[in-house]
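Novice: What follows is a structure written as structure tokens; I'll ask about it next.
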Amino acid sequence: MMFRILLACSVPILWGSTYSVVNLFLSDLSPFWVAVWRALPAGLLLLLLKPGKPPLSWTKMFQLSTLNIALFFPLLFIAAYRLPGSVAGTLGATLPLQLMFIQWLFEGKRPDPKLLLLALVGLAGIVLILNPSADIDPYGAMAALVATAMVARASLLLKKWPVSDIFRLTAWQLTLGGFMLIPIALFFAGAPKMVNTTHLPGILWICVVNSAFAYWAFAKSIKALGPNVMSMVSMLNPVAAVILGVSLVGESLGTLQWLGIGMVALSLVLMKFASTPKKKKSDGLMTVSKAR
């Protein structure tokens with residue numbers, strides 16, 4: 001049981017390391033090609049480990065691959081290149097908040113008053129993180145929030161298209177999304193820059209460890225521990241991003257930003273506890289869609 005918990009905890013910690021790895025090893029590469037290097041080899045490796053047809057129709061797979069990989073990955077890395085990892089990680093963790101507001105605006109689903117209050121606390125935290133005195137890159141902040149919105153949209157699609165084989169779903173998303181990323185990278189960044197030995201640790205980390213291994217561990221953990229436990233464990237993602245950003249990259253944040261990060265984290269933790277008795281299906285879909 002302890003191994004299962006440790007394996008589950010490793011997933012959001014690895015995903016939270018993305019921002020620091022980019023700053024340490026990949027800062028001179030195009031974010032679009034870094035997205036390709038992360039997605040396509042990892043997807044092909046996962047398909048080698050578990051070959052088979054996609055668990056959804058090709059039309060649905062292409063929709064999810066577009067949102068979760070072809071759009072999400074470039075935006076994620078643009079945020080990683082333009083923002084401190086602690087800020088990018090916290091903004092990326094706003095998925096539950098965005099899901100709530102998207103469902104309210106477009107589906108007329110009124111949120112629980114307690115959850116709405118917690119969402120407003122999180123929104124206030126975001127305002128503090130992005131306060132003018134912090135001199136945060138607006139394009140990076142927008143990329144982080146839009147990237148999370150892409151995942152939120154994919155979550156709503158998965159709510160209508162439940163799938164049991166998470167591993168194969170992720171493998172096909174990474175593979176299809178990786179192929180779709182190639183023309184996008186060529187258009188926005190031109191031919192890829194030659195990867196050298198300085199880049200290699202970062203490429204191997206985001207592809208093999210952060211994607212292939214982490215997605216395998218995610219699929220295994222969600223089956224072993226259930227979606228509710230994984231939903232709680234996912235809070236380690238922004239925590240890891242903040243700790244690694246400060247300790248490894250030497251990021252320095254202002255008092256208001258630290259307060260904002262604390263408010264976002266508190267709202268998300270309390271939201272997890274407040275929504276635990278709710279329908280498990282909804283929680284599971286939210287967790288599945290966080291896979292990255």
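Note on naming: chains are A, B, ... as they come in the structure tokens, residues start from 1 per chain, ligands start from 1 in the order shown.
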Using only C-alpha atoms, which residues of stretch 74-95 of chain A come within 9 Å of stretch 237-249 of chain A, and what is the closest atom pair for each, with the distance in Å to one decimal? Give it as CSV, sorted by chain and residue number.
Specialist:
```
residue,atom,partner,partner_atom,distance
A:Pro84,CA,A:Gly245,CA,7.0
A:Gly85,CA,A:Gly245,CA,5.3
A:Ser86,CA,A:Val242,CA,3.9
A:Val87,CA,A:Val242,CA,7.5
A:Ala88,CA,A:Ala241,CA,8.0
A:Gly89,CA,A:Pro238,CA,4.8
A:Thr90,CA,A:Pro238,CA,5.2
A:Leu91,CA,A:Pro238,CA,8.5
A:Gly92,CA,A:Pro238,CA,7.8
A:Ala93,CA,A:Pro238,CA,6.3
```
Novice: So that I can check the surroundings of A:Lys60, please list as a list in words every protein, DNA and RNA residue that reaches within 10 Å of it, counting only C-alpha atoms and ignoring chain neighbours fewer than 6 positions away.
Specialist: Pro54, Thr66, Leu157, Leu158 and Trp161 of chain A
Novice: Using only C-alpha atoms, pick whichever of A:Leu105, A:Ala79, A:Ile126, A:Ile5 has the shortest atom-to-atom distance to A:Ala141.
Specialist: A:Ala79
Novice: Residues within 10 Å of A:Leu176, please, as number ranges by chain. Count only C-alpha atoms; anything in the same chain fewer than 2 positions from it doesn't count.
Specialist: A: 39-40, 43-44, 61-62, 64-66, 69-70, 170-174, 178-181
Novice: Taking the DSSP secondary structure from the backbone, can you list the residues of stretch 117-282 of chain A that are helix (DSSP H, G or I), as a PyMOL selection string?
Specialist: chain A and resi 117-129+132-134+138-160+166-189+200-225+227-233+236-247+255-275+280-282
Novice: Just the number, please: distance in Å from atom CA of A:Phe101 to atom CA of A:Pro31, one decimal.
Specialist: 28.8 Å
Novice: If you measure from atom CA of A:Ala144 to atom CA of A:Ile78, what distance in Å do you get, rounded to one decimal?
Specialist: 7.9 Å
